[in-house]
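First the structure, in the form of structure tokens, and then the observations on it.
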Amino acid sequence: MPKQDNNRNNSGKRNPFSRTDNNGKDKRNFNFGLVYLILFLALISYWMVSNTGMSAIDVDNTQFKQMVENQDIDHVEYVRRTEKVNIFLKQEALDKPAYEKVSENVDGPQYSMPAGDFQVFNSELKDIRENAIQKRLSKDSTITETDIIDAYDFPVKQDNTRSWGFEMIFWILPMILFIIVIVWSTRSMRGGTGIGGSGNIFNIGKSRAQEFDEKSGQLVTFKDVAGLEGAKFEIEEVVDFLKNPKKYTVLGGKIPKGVLLVGPPGTGKTLLAKAVAGEAKVPFFSLSGSDFVEMFVGVGASRVRDLFKTAKEKAPCIIFIDEIDAIGRARGKSAISNANDERESTLNQLLTEMDGFSTNAGVIIMAATNRADILDRALLRAGRFDRQIAVELPNLNERRGIFGVHVRKLKLGPDVDLDFFAKQTPGFSGADIANVCNEAALIAARNNKKQIEKEDFLAAVDRIIGGLERRGSVFTPQEKKTIAYHESGHATVSWLLRYASPLVKVTIVPRGKALGAAWYLPEERQLTNYDQLIDEMTALLGGRAAEDVVFGTVSTGALNDLERVSKQAYAMVVYYGLDKKIGNVSYYDSTGQQEYSFQKPYSEKTAEAIDEQVHQLIESCYTKAKQILSEHKEQLDQLAKLLLEREVIFTEDVERILGKRPFADEQPTVQPDTQALEQTHNSVPEATPAAGDDNIPLS
């Protein structure tokens with residue numbers, strides 16, 4: 001039976017009194033702005049009516065006495081509602097020069113004077129008259145008080161009428177405004193956004209998840225996700241579960257309930273979850289862990305219940321919780337007792353919904369975090385998050401694919417080589433690569449180019465790694481010379497060590513907080529041995545060692561170098577077990593429980609031994625760096641002079657001075673586009689370094 005359209009009458013014409021529009025939406029939207037406009041116009045109208053004609057001029061008591069003495073007053077009128085006295089002058093008085101300003105206001109009153117109570121005014125007026133009469137008698141002795149008493153007398157009228165319109169507005173307007181506020185609050189309590197109307201104060205326990213489906217037009221597919229091949233291979237099974245559930249249940253299997261995406265920030269965990277919903281073509285509820293957190297007790301658990309209730313109604317579907325560590329942190333780990341009761345109750349409700357007595361057929365939970373080590377163990381057990389998928393930083397081939405995705409809408413020049421850029425960005429996440437592409441487009445637009453060229457991408461990489469160039473810094477010649485030798489020391493030591501990262505370029509142009517910068521292209525490896533770590537630390541100390549060898553003193557420019565060396569040496573001794581005295585012991589805590597502990601996992605004696613070994617390790621690397629620079633001091637001077645002259649030197653410049661790099665055949669070759677790098681530098685005005693960090697690796 002077809003559904004009847006209540007908006008049309010029997011003749012098929014639309015009912016003009018219908019409460020819905022052509023799309024079936026409710027038209028009954030009361031416009032409170034119209035109410036405010038009407039009230040505003042009413043006040044303006046009343047003000048205009050009450051102020052028609054010329055207004056009287058205010059006078060004080062002294063001026064009023066003068067008018068009485070001059071016998072200019074025809075009569076006065078006391079107005080009770082305003083507590084003022086309106087003064088009406090005689091016709092002949094209006095011709096006097098003193099009243100020239102009010103001569104046109106014939107209808108009066110011409111003047112007004114504030115007054116209090118009517119009886120008080122009458123008493124004061126009587127005294128004024130008597131004083132005026134006595135003053136007149138003192139000037140003219142030929143007259144008597146009887147002759148002039150009538151001249152100073154004038155009628156005093158009283159207006160006891162009340163302004164009912166004004167008083168009604170004065171009393172009714174606050175009531176109307178109060179009613180408007182109540183009605184508006186009631187309407188907003190019935191409305192809201194999100195599932196269940198989260199804007200409603202009575203619906204504060206409703207879920208705030210946003211729903212995406214095919215109709216929303218905001219879903220992505222695996223074509224929009226480059227790289228992450230291993231993660232996509234595992235996640236495609238989830239898509240297959242949603243598309244063909246019987247394929248697995250017919251054999252007695254159960255569809256996984258939860259998938260946890262774990263990886264560093266910017267690797268595409270959220271994008272991968274959206275792609276799953278787009279491929280499966282099922283409703284997708286997206287929210288973050290902080291959406292469950294509220295100042296009211298019990299709200300988080302209520303929102304969890306409402307979320308799963310809505311999801312069950314639209315199953316099969318996907319619930320995606322981003323940054324789940326906001327509510328999934330391990331329970332009972334807080335140093336302050338009862339500090340996380342509300343968060344823990346929210347987590348308890350989530351655990352119950354994921355694997356409790358109730359069934360969640362067709363509802364798959366996906367979550368993302370970069371702090372999986374702090375999540376509660378009950379959340380990670382089988383039956384809740386059955387699968388944990390590692391979303392790691394992309395490798396070389398994956399970076400090439402990510403570049404391909406992000407340059408689809410860019411106008412590229414013929415010299416753009418995505419393979420080259422993939423090699424120049426080791427350690428970059430998908431978000432970093434997207435930022436590189438966007439920054440390159442902005443740089444090209446800033447230079448009024450029609451296409452994005454290779455030099456724009458190289459400038460974007462430098463901008464993201466080193467920061468924005470600071471062109472207004474001023475340095476003394478000695479400071480600039482110190483910076484040049486510092487950066488040349490990095491280049492020399494890293495060039496002559498077997499396992500140091502290959503050099504790309506060195507510059508003394510300041511970027512961000514950096515004095516200068518040495519760009520390297522680290523080898524992408526999964527394991528690092530003792531010798532490799534030692535060479536890396538020695539190269540980091542090459543800058544300070546160069547200052548010591550050349551000037552016999554050191555500066556504060558090596559702050560970043562010392563920080564990185566100290567952390568790496570500490571990790572070698574305490575975490576990696578690479579120190580012979582401390583032995584094969586690791587004090588690293590992957591569970592994250594030590595952050596709530598006030599005690600270190602080793603004794604004071606061991607702590608002293610750790611400090612001693614870290615110190616010896618750093619000093620041995622520093623001594624090795626000084627030895628290398630002392631043996632090649634002449635080449636160090638040549639590099640520093642060339643750097644002072646050109647501000648930027650490249651791999652072939654170092655090779656021309658120091659010769660072919662030893663052990664070069666044992667490492668992957670680095671062939672940066674020197675011409676493009678030089679064009680990038682030459683397009684920037686001359687700048688001098690400031691203060692701050694100095695050595696910035698390409699990774």
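Starting from 1 in every chain, residues are counted up; chains themselves are A, B, ... following the order of the structure tokens, and ligands are numbered from 1 as listed.
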Env of A:Arg400: 10 Å cut, atoms = only C-alpha atoms, seq-sep filter 5 positions within chain, self excluded. Answer as a PDB file with C-alpha atoms, in the first residue's frame.
```
ATOM      1  CA  ALA A 226      49.880   3.961  -0.712  1.00  0.00           C
ATOM      2  CA  GLY A 227      52.481   1.807   1.004  1.00  0.00           C
ATOM      3  CA  PRO A 394      57.280   3.313   4.966  1.00  0.00           C
ATOM      4  CA  ASN A 395      60.315   1.864   3.216  1.00  0.00           C
ATOM      5  CA  VAL A 405      49.275   9.492  -4.273  1.00  0.00           C
ATOM      6  CA  ASP A 417      61.645  12.335 -10.204  1.00  0.00           C
ATOM      7  CA  LEU A 418      59.631  10.653  -7.461  1.00  0.00           C
ATOM      8  CA  ASP A 419      62.196   7.853  -7.082  1.00  0.00           C
ATOM      9  CA  PHE A 420      64.830  10.458  -6.250  1.00  0.00           C
ATOM     10  CA  PHE A 421      62.603  12.077  -3.624  1.00  0.00           C
ATOM     11  CA  ALA A 422      61.815   8.688  -2.086  1.00  0.00           C
ATOM     12  CA  LYS A 423      65.562   8.149  -1.602  1.00  0.00           C
ATOM     13  CA  THR A 425      63.326  11.134   2.581  1.00  0.00           C
ATOM     14  CA  ILE A 433      55.526  13.173   2.677  1.00  0.00           C
TER      15      ILE A 433
END
```
Could you tell me, as a ChimeraX atom specification, which residues of stretch 390-559 of chain A DSSP assigns to strand (DSSP E or B) when given the backbone? /A:390,412,452,469,503-507,511,514,517-520
With N, CA and C atoms kept, could you save the residues just selected as an mmCIF file, in the first residue's frame?
```cif
data_model
loop_
_atom_site.group_PDB
_atom_site.id
_atom_site.type_symbol
_atom_site.label_atom_id
_atom_site.label_comp_id
_atom_site.auth_asym_id
_atom_site.auth_seq_id
_atom_site.Cartn_x
_atom_site.Cartn_y
_atom_site.Cartn_z
ATOM 1 N N ALA A 390 50.752 -3.868 12.921
ATOM 2 C CA ALA A 390 51.790 -2.842 13.032
ATOM 3 C C ALA A 390 51.806 -1.994 11.764
ATOM 4 N N LEU A 412 53.163 19.117 -11.978
ATOM 5 C CA LEU A 412 54.584 18.831 -11.834
ATOM 6 C C LEU A 412 55.339 19.213 -13.095
ATOM 7 N N ILE A 452 55.508 22.821 -10.540
ATOM 8 C CA ILE A 452 56.337 22.511 -9.378
ATOM 9 C C ILE A 452 57.558 21.745 -9.867
ATOM 10 N N GLU A 469 64.343 29.303 7.140
ATOM 11 C CA GLU A 469 65.579 30.083 7.140
ATOM 12 C C GLU A 469 65.373 31.421 7.841
ATOM 13 N N LEU A 503 77.314 11.702 3.559
ATOM 14 C CA LEU A 503 77.065 13.135 3.579
ATOM 15 C C LEU A 503 76.370 13.581 2.292
ATOM 16 N N VAL A 504 75.409 14.504 2.410
ATOM 17 C CA VAL A 504 74.726 15.083 1.259
ATOM 18 C C VAL A 504 75.191 16.521 1.040
ATOM 19 N N LYS A 505 75.092 17.347 2.063
ATOM 20 C CA LYS A 505 75.560 18.727 1.944
ATOM 21 C C LYS A 505 75.759 19.306 3.334
ATOM 22 N N VAL A 506 76.532 20.393 3.385
ATOM 23 C CA VAL A 506 76.796 21.108 4.626
ATOM 24 C C VAL A 506 76.535 22.583 4.364
ATOM 25 N N THR A 507 75.905 23.253 5.316
ATOM 26 C CA THR A 507 75.572 24.664 5.138
ATOM 27 C C THR A 507 75.725 25.402 6.458
ATOM 28 N N ARG A 511 68.732 27.693 9.948
ATOM 29 C CA ARG A 511 67.355 27.247 9.765
ATOM 30 C C ARG A 511 66.774 26.910 11.127
ATOM 31 N N ALA A 514 68.809 26.138 14.337
ATOM 32 C CA ALA A 514 70.124 25.612 14.013
ATOM 33 C C ALA A 514 71.079 26.713 13.603
ATOM 34 N N ALA A 517 73.930 23.375 9.406
ATOM 35 C CA ALA A 517 73.353 22.039 9.284
ATOM 36 C C ALA A 517 74.233 21.170 8.411
ATOM 37 N N ALA A 518 74.293 19.895 8.761
ATOM 38 C CA ALA A 518 74.960 18.882 7.942
ATOM 39 C C ALA A 518 73.915 17.841 7.583
ATOM 40 N N TRP A 519 73.624 17.712 6.310
ATOM 41 C CA TRP A 519 72.594 16.789 5.850
ATOM 42 C C TRP A 519 73.228 15.440 5.507
ATOM 43 N N TYR A 520 72.647 14.373 6.046
ATOM 44 C CA TYR A 520 73.120 13.019 5.782
ATOM 45 C C TYR A 520 71.996 12.196 5.174
#
```
Take atom CA of A:Leu261 and atom CA of A:Lys309 and report the distance between them in Å, one decimal. 23.8 Å
A:Lys480 surroundings by only C-alpha atoms, 9 Å radius, close-in-sequence under 3 positions cut, as a VMD selection string: chain A and resid 475 to 477 483 to 485 508 644 688 to 689
How would the residues just chosen look if you wrote them out with N, CA, C and O atoms as a PDB file, in the first residue's frame?
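Written out: selection_1.pdb:
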```pdb
ATOM      1  N   PHE A 475      75.966  38.174  12.769  1.00  0.00           N
ATOM      2  CA  PHE A 475      77.035  37.503  13.488  1.00  0.00           C
ATOM      3  C   PHE A 475      78.360  38.212  13.243  1.00  0.00           C
ATOM      4  O   PHE A 475      78.576  38.818  12.186  1.00  0.00           O
ATOM      5  N   THR A 476      79.209  38.107  14.212  1.00  0.00           N
ATOM      6  CA  THR A 476      80.559  38.633  14.048  1.00  0.00           C
ATOM      7  C   THR A 476      81.355  37.694  13.150  1.00  0.00           C
ATOM      8  O   THR A 476      81.026  36.508  13.015  1.00  0.00           O
ATOM      9  N   PRO A 477      82.425  38.178  12.542  1.00  0.00           N
ATOM     10  CA  PRO A 477      83.255  37.295  11.707  1.00  0.00           C
ATOM     11  C   PRO A 477      83.800  36.093  12.462  1.00  0.00           C
ATOM     12  O   PRO A 477      83.910  34.994  11.905  1.00  0.00           O
ATOM     13  N   ILE A 483      81.404  28.685  13.364  1.00  0.00           N
ATOM     14  CA  ILE A 483      80.344  27.833  12.819  1.00  0.00           C
ATOM     15  C   ILE A 483      80.843  27.060  11.608  1.00  0.00           C
ATOM     16  O   ILE A 483      80.544  25.872  11.436  1.00  0.00           O
ATOM     17  N   ALA A 484      81.627  27.721  10.754  1.00  0.00           N
ATOM     18  CA  ALA A 484      82.144  27.049   9.562  1.00  0.00           C
ATOM     19  C   ALA A 484      83.053  25.888   9.942  1.00  0.00           C
ATOM     20  O   ALA A 484      82.968  24.795   9.352  1.00  0.00           O
ATOM     21  N   TYR A 485      83.943  26.086  10.907  1.00  0.00           N
ATOM     22  CA  TYR A 485      84.817  24.987  11.337  1.00  0.00           C
ATOM     23  C   TYR A 485      84.021  23.889  12.033  1.00  0.00           C
ATOM     24  O   TYR A 485      84.340  22.700  11.917  1.00  0.00           O
ATOM     25  N   ILE A 508      76.041  26.687   6.354  1.00  0.00           N
ATOM     26  CA  ILE A 508      76.050  27.557   7.534  1.00  0.00           C
ATOM     27  C   ILE A 508      74.915  28.571   7.456  1.00  0.00           C
ATOM     28  O   ILE A 508      74.899  29.559   8.189  1.00  0.00           O
ATOM     29  N   LEU A 644      82.936  29.136   4.214  1.00  0.00           N
ATOM     30  CA  LEU A 644      82.782  30.562   4.460  1.00  0.00           C
ATOM     31  C   LEU A 644      82.553  31.327   3.164  1.00  0.00           C
ATOM     32  O   LEU A 644      81.824  32.325   3.132  1.00  0.00           O
ATOM     33  N   THR A 688      72.857  34.602   7.628  1.00  0.00           N
ATOM     34  CA  THR A 688      73.909  34.212   8.551  1.00  0.00           C
ATOM     35  C   THR A 688      73.298  33.464   9.702  1.00  0.00           C
ATOM     36  O   THR A 688      72.167  33.700  10.094  1.00  0.00           O
ATOM     37  N   PRO A 689      74.048  32.536  10.297  1.00  0.00           N
ATOM     38  CA  PRO A 689      73.485  31.693  11.355  1.00  0.00           C
ATOM     39  C   PRO A 689      73.178  32.466  12.612  1.00  0.00           C
ATOM     40  O   PRO A 689      73.714  33.538  12.847  1.00  0.00           O
TER      41      PRO A 689
END
```
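Comparing the minimum interatomic distances between A:Ser302 and each of A:Asp150, A:Gly258, A:Leu350, A:Lys281, counting only C-alpha atoms, we find that A:Leu350 sits nearest.
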Find the residues around A:Glu279 up to 9 Å (only C-alpha atoms counted), leave out those fewer than 5 positions away in its own chain, and share them as a short mmCIF file (atom, residue, chain, number, x, y, z; two decimals) with N, CA, C and O atoms, in the first residue's frame.
```
data_model
loop_
_atom_site.label_atom_id
_atom_site.label_comp_id
_atom_site.auth_asym_id
_atom_site.auth_seq_id
_atom_site.Cartn_x
_atom_site.Cartn_y
_atom_site.Cartn_z
N LEU A 219 34.04 8.55 1.97
CA LEU A 219 34.80 7.33 2.20
C LEU A 219 35.95 7.22 1.21
O LEU A 219 35.87 7.69 0.07
N VAL A 220 37.03 6.60 1.65
CA VAL A 220 38.20 6.38 0.81
C VAL A 220 38.35 4.88 0.61
O VAL A 220 37.73 4.06 1.30
N THR A 221 39.19 4.51 -0.35
CA THR A 221 39.45 3.10 -0.65
C THR A 221 40.94 2.84 -0.55
O THR A 221 41.75 3.75 -0.28
N PHE A 222 41.32 1.60 -0.80
CA PHE A 222 42.73 1.23 -0.72
C PHE A 222 43.55 1.93 -1.81
O PHE A 222 44.78 2.01 -1.70
N GLU A 236 42.77 -6.53 4.71
CA GLU A 236 41.84 -6.95 3.66
C GLU A 236 40.98 -8.13 4.12
O GLU A 236 39.87 -8.34 3.62
N VAL A 239 37.88 -6.78 5.60
CA VAL A 239 36.94 -6.39 4.56
C VAL A 239 36.20 -7.61 4.02
O VAL A 239 34.98 -7.59 3.80
N LYS A 274 39.62 4.18 7.48
CA LYS A 274 38.60 4.71 6.57
C LYS A 274 38.55 3.91 5.27
O LYS A 274 37.48 3.72 4.70
#
```
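Of the residues under consideration (A:Lys409, A:Arg371, A:Lys513, A:Lys223), A:Lys513 shows the shortest atom-to-atom contact distance to A:Arg470 when counting only C-alpha atoms.
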